[in-house]
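Q: Here's a structure for you.
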Amino acid sequence: MPAGGTTPPAGNEVLFEFTPMGPQMRVAAIDGRTGIEVVVIAPLSATKAQMQTLALAKLRKRLEQEG
């Protein structure tokens, strides 16, 4: 679970994938129940927890849009 008290949507497992891309990090967040994936690009200066929090927020928004 990411820092800051952020929990996965509806208690689902969320998988994170980190891929360095030059001065940036590509972070994918994948909902374990639905398989929905979102991607964010973060600076390498961000902490892992910050990257996860950002990706998880985007995933939550996407899941809300999907219904």
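Labeling convention for the structure tokens: chains A, B, ... as they appear, residues from 1 per chain, ligands from 1 in order of appearance.
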Where in chain A does DSSP assign strand (DSSP E), given as an MDAnalysis selection string?

A: chainID A and resid 14:21 24:31 37:43

Q: Would you save the residues of that selection, restricted to C-alpha atoms, as a PDB file, in the first residue's frame?

A:
```
ATOM      1  CA  VAL A  14      -3.160  -2.911  -7.301  1.00  0.00           C
ATOM      2  CA  LEU A  15       0.037  -3.857  -9.092  1.00  0.00           C
ATOM      3  CA  PHE A  16       2.669  -1.228  -9.878  1.00  0.00           C
ATOM      4  CA  GLU A  17       5.270  -1.425 -12.617  1.00  0.00           C
ATOM      5  CA  PHE A  18       8.209   1.004 -12.667  1.00  0.00           C
ATOM      6  CA  THR A  19      10.153   1.564 -15.897  1.00  0.00           C
ATOM      7  CA  PRO A  20      12.966   4.148 -16.003  1.00  0.00           C
ATOM      8  CA  MET A  21      12.938   6.339 -19.116  1.00  0.00           C
ATOM      9  CA  GLN A  24      11.696  10.143 -15.884  1.00  0.00           C
ATOM     10  CA  MET A  25       9.958   7.077 -14.494  1.00  0.00           C
ATOM     11  CA  ARG A  26       7.010   5.433 -16.228  1.00  0.00           C
ATOM     12  CA  VAL A  27       4.672   4.086 -13.563  1.00  0.00           C
ATOM     13  CA  ALA A  28       1.831   1.746 -14.491  1.00  0.00           C
ATOM     14  CA  ALA A  29      -0.907   0.953 -11.977  1.00  0.00           C
ATOM     15  CA  ILE A  30      -3.015  -2.118 -12.740  1.00  0.00           C
ATOM     16  CA  ASP A  31      -6.237  -3.014 -10.944  1.00  0.00           C
ATOM     17  CA  GLU A  37      -4.193  -0.120 -16.385  1.00  0.00           C
ATOM     18  CA  VAL A  38      -3.200   3.534 -16.233  1.00  0.00           C
ATOM     19  CA  VAL A  39       0.210   5.092 -16.764  1.00  0.00           C
ATOM     20  CA  VAL A  40       1.807   8.214 -15.329  1.00  0.00           C
ATOM     21  CA  ILE A  41       5.199   9.745 -16.022  1.00  0.00           C
ATOM     22  CA  ALA A  42       7.024  11.102 -12.982  1.00  0.00           C
ATOM     23  CA  PRO A  43      10.403  12.761 -12.452  1.00  0.00           C
TER      24      PRO A  43
END
```

Q: One decimal, Å: what's the distance from atom CA of A:Ala55 over to atom CA of A:Thr34, could you say?

A: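 Between atom CA of A:Ala55 and atom CA of A:Thr34 the gap works out to 16.0 Å.
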
Q: Based on the backbone DSSP call, show me all residues of chain A assigned helix (DSSP H, G or I), as a list in words.

A: Pro9, Ala10, Gly11, Lys48, Ala49, Gln50, Met51, Gln52, Thr53, Leu54, Ala55, Leu56, Ala57, Lys58, Leu59, Arg60, Lys61, Arg62, Leu63, Glu64, Gln65 and Glu66 of chain A

Q: Take the residues just selected and output them with N, CA and C atoms as a PDB file, in the first residue's frame.

A:
```pdb
ATOM      1  N   PRO A   9      -8.600   0.885  -4.699  1.00  0.00           N
ATOM      2  CA  PRO A   9     -10.044   1.015  -4.895  1.00  0.00           C
ATOM      3  C   PRO A   9     -10.786  -0.208  -4.396  1.00  0.00           C
ATOM      4  N   ALA A  10     -11.793   0.015  -3.563  1.00  0.00           N
ATOM      5  CA  ALA A  10     -12.675  -1.046  -3.059  1.00  0.00           C
ATOM      6  C   ALA A  10     -11.902  -2.240  -2.519  1.00  0.00           C
ATOM      7  N   GLY A  11     -10.730  -1.997  -1.953  1.00  0.00           N
ATOM      8  CA  GLY A  11      -9.934  -3.074  -1.375  1.00  0.00           C
ATOM      9  C   GLY A  11      -9.273  -3.982  -2.398  1.00  0.00           C
ATOM     10  N   LYS A  48       9.229   6.930  -4.459  1.00  0.00           N
ATOM     11  CA  LYS A  48       8.405   5.814  -4.924  1.00  0.00           C
ATOM     12  C   LYS A  48       6.973   5.966  -4.413  1.00  0.00           C
ATOM     13  N   ALA A  49       6.822   6.373  -3.159  1.00  0.00           N
ATOM     14  CA  ALA A  49       5.490   6.556  -2.589  1.00  0.00           C
ATOM     15  C   ALA A  49       4.711   7.645  -3.327  1.00  0.00           C
ATOM     16  N   GLN A  50       5.388   8.739  -3.695  1.00  0.00           N
ATOM     17  CA  GLN A  50       4.725   9.802  -4.440  1.00  0.00           C
ATOM     18  C   GLN A  50       4.272   9.309  -5.805  1.00  0.00           C
ATOM     19  N   MET A  51       5.128   8.532  -6.450  1.00  0.00           N
ATOM     20  CA  MET A  51       4.781   7.984  -7.762  1.00  0.00           C
ATOM     21  C   MET A  51       3.580   7.049  -7.659  1.00  0.00           C
ATOM     22  N   GLN A  52       3.575   6.193  -6.647  1.00  0.00           N
ATOM     23  CA  GLN A  52       2.463   5.262  -6.461  1.00  0.00           C
ATOM     24  C   GLN A  52       1.172   6.008  -6.160  1.00  0.00           C
ATOM     25  N   THR A  53       1.249   7.040  -5.325  1.00  0.00           N
ATOM     26  CA  THR A  53       0.062   7.814  -4.973  1.00  0.00           C
ATOM     27  C   THR A  53      -0.536   8.478  -6.204  1.00  0.00           C
ATOM     28  N   LEU A  54       0.319   9.043  -7.052  1.00  0.00           N
ATOM     29  CA  LEU A  54      -0.143   9.681  -8.283  1.00  0.00           C
ATOM     30  C   LEU A  54      -0.803   8.669  -9.217  1.00  0.00           C
ATOM     31  N   ALA A  55      -0.150   7.530  -9.411  1.00  0.00           N
ATOM     32  CA  ALA A  55      -0.691   6.492 -10.295  1.00  0.00           C
ATOM     33  C   ALA A  55      -1.994   5.929  -9.740  1.00  0.00           C
ATOM     34  N   LEU A  56      -2.063   5.749  -8.426  1.00  0.00           N
ATOM     35  CA  LEU A  56      -3.274   5.210  -7.812  1.00  0.00           C
ATOM     36  C   LEU A  56      -4.433   6.190  -7.942  1.00  0.00           C
ATOM     37  N   ALA A  57      -4.162   7.478  -7.799  1.00  0.00           N
ATOM     38  CA  ALA A  57      -5.223   8.481  -7.966  1.00  0.00           C
ATOM     39  C   ALA A  57      -5.777   8.442  -9.386  1.00  0.00           C
ATOM     40  N   LYS A  58      -4.890   8.300 -10.363  1.00  0.00           N
ATOM     41  CA  LYS A  58      -5.344   8.222 -11.754  1.00  0.00           C
ATOM     42  C   LYS A  58      -6.150   6.944 -11.982  1.00  0.00           C
ATOM     43  N   LEU A  59      -5.712   5.843 -11.390  1.00  0.00           N
ATOM     44  CA  LEU A  59      -6.444   4.582 -11.526  1.00  0.00           C
ATOM     45  C   LEU A  59      -7.832   4.685 -10.894  1.00  0.00           C
ATOM     46  N   ARG A  60      -7.925   5.272  -9.719  1.00  0.00           N
ATOM     47  CA  ARG A  60      -9.229   5.431  -9.053  1.00  0.00           C
ATOM     48  C   ARG A  60     -10.184   6.234  -9.929  1.00  0.00           C
ATOM     49  N   LYS A  61      -9.675   7.319 -10.515  1.00  0.00           N
ATOM     50  CA  LYS A  61     -10.514   8.156 -11.393  1.00  0.00           C
ATOM     51  C   LYS A  61     -10.984   7.352 -12.601  1.00  0.00           C
ATOM     52  N   ARG A  62     -10.087   6.589 -13.179  1.00  0.00           N
ATOM     53  CA  ARG A  62     -10.444   5.766 -14.342  1.00  0.00           C
ATOM     54  C   ARG A  62     -11.500   4.728 -13.979  1.00  0.00           C
ATOM     55  N   LEU A  63     -11.347   4.100 -12.830  1.00  0.00           N
ATOM     56  CA  LEU A  63     -12.336   3.094 -12.387  1.00  0.00           C
ATOM     57  C   LEU A  63     -13.695   3.730 -12.141  1.00  0.00           C
ATOM     58  N   GLU A  64     -13.702   4.947 -11.605  1.00  0.00           N
ATOM     59  CA  GLU A  64     -14.973   5.662 -11.402  1.00  0.00           C
ATOM     60  C   GLU A  64     -15.645   5.940 -12.735  1.00  0.00           C
ATOM     61  N   GLN A  65     -14.858   6.316 -13.739  1.00  0.00           N
ATOM     62  CA  GLN A  65     -15.405   6.604 -15.066  1.00  0.00           C
ATOM     63  C   GLN A  65     -15.967   5.349 -15.718  1.00  0.00           C
ATOM     64  N   GLU A  66     -15.328   4.211 -15.455  1.00  0.00           N
ATOM     65  CA  GLU A  66     -15.785   2.943 -16.040  1.00  0.00           C
ATOM     66  C   GLU A  66     -17.086   2.472 -15.403  1.00  0.00           C
TER      67      GLU A  66
END
```
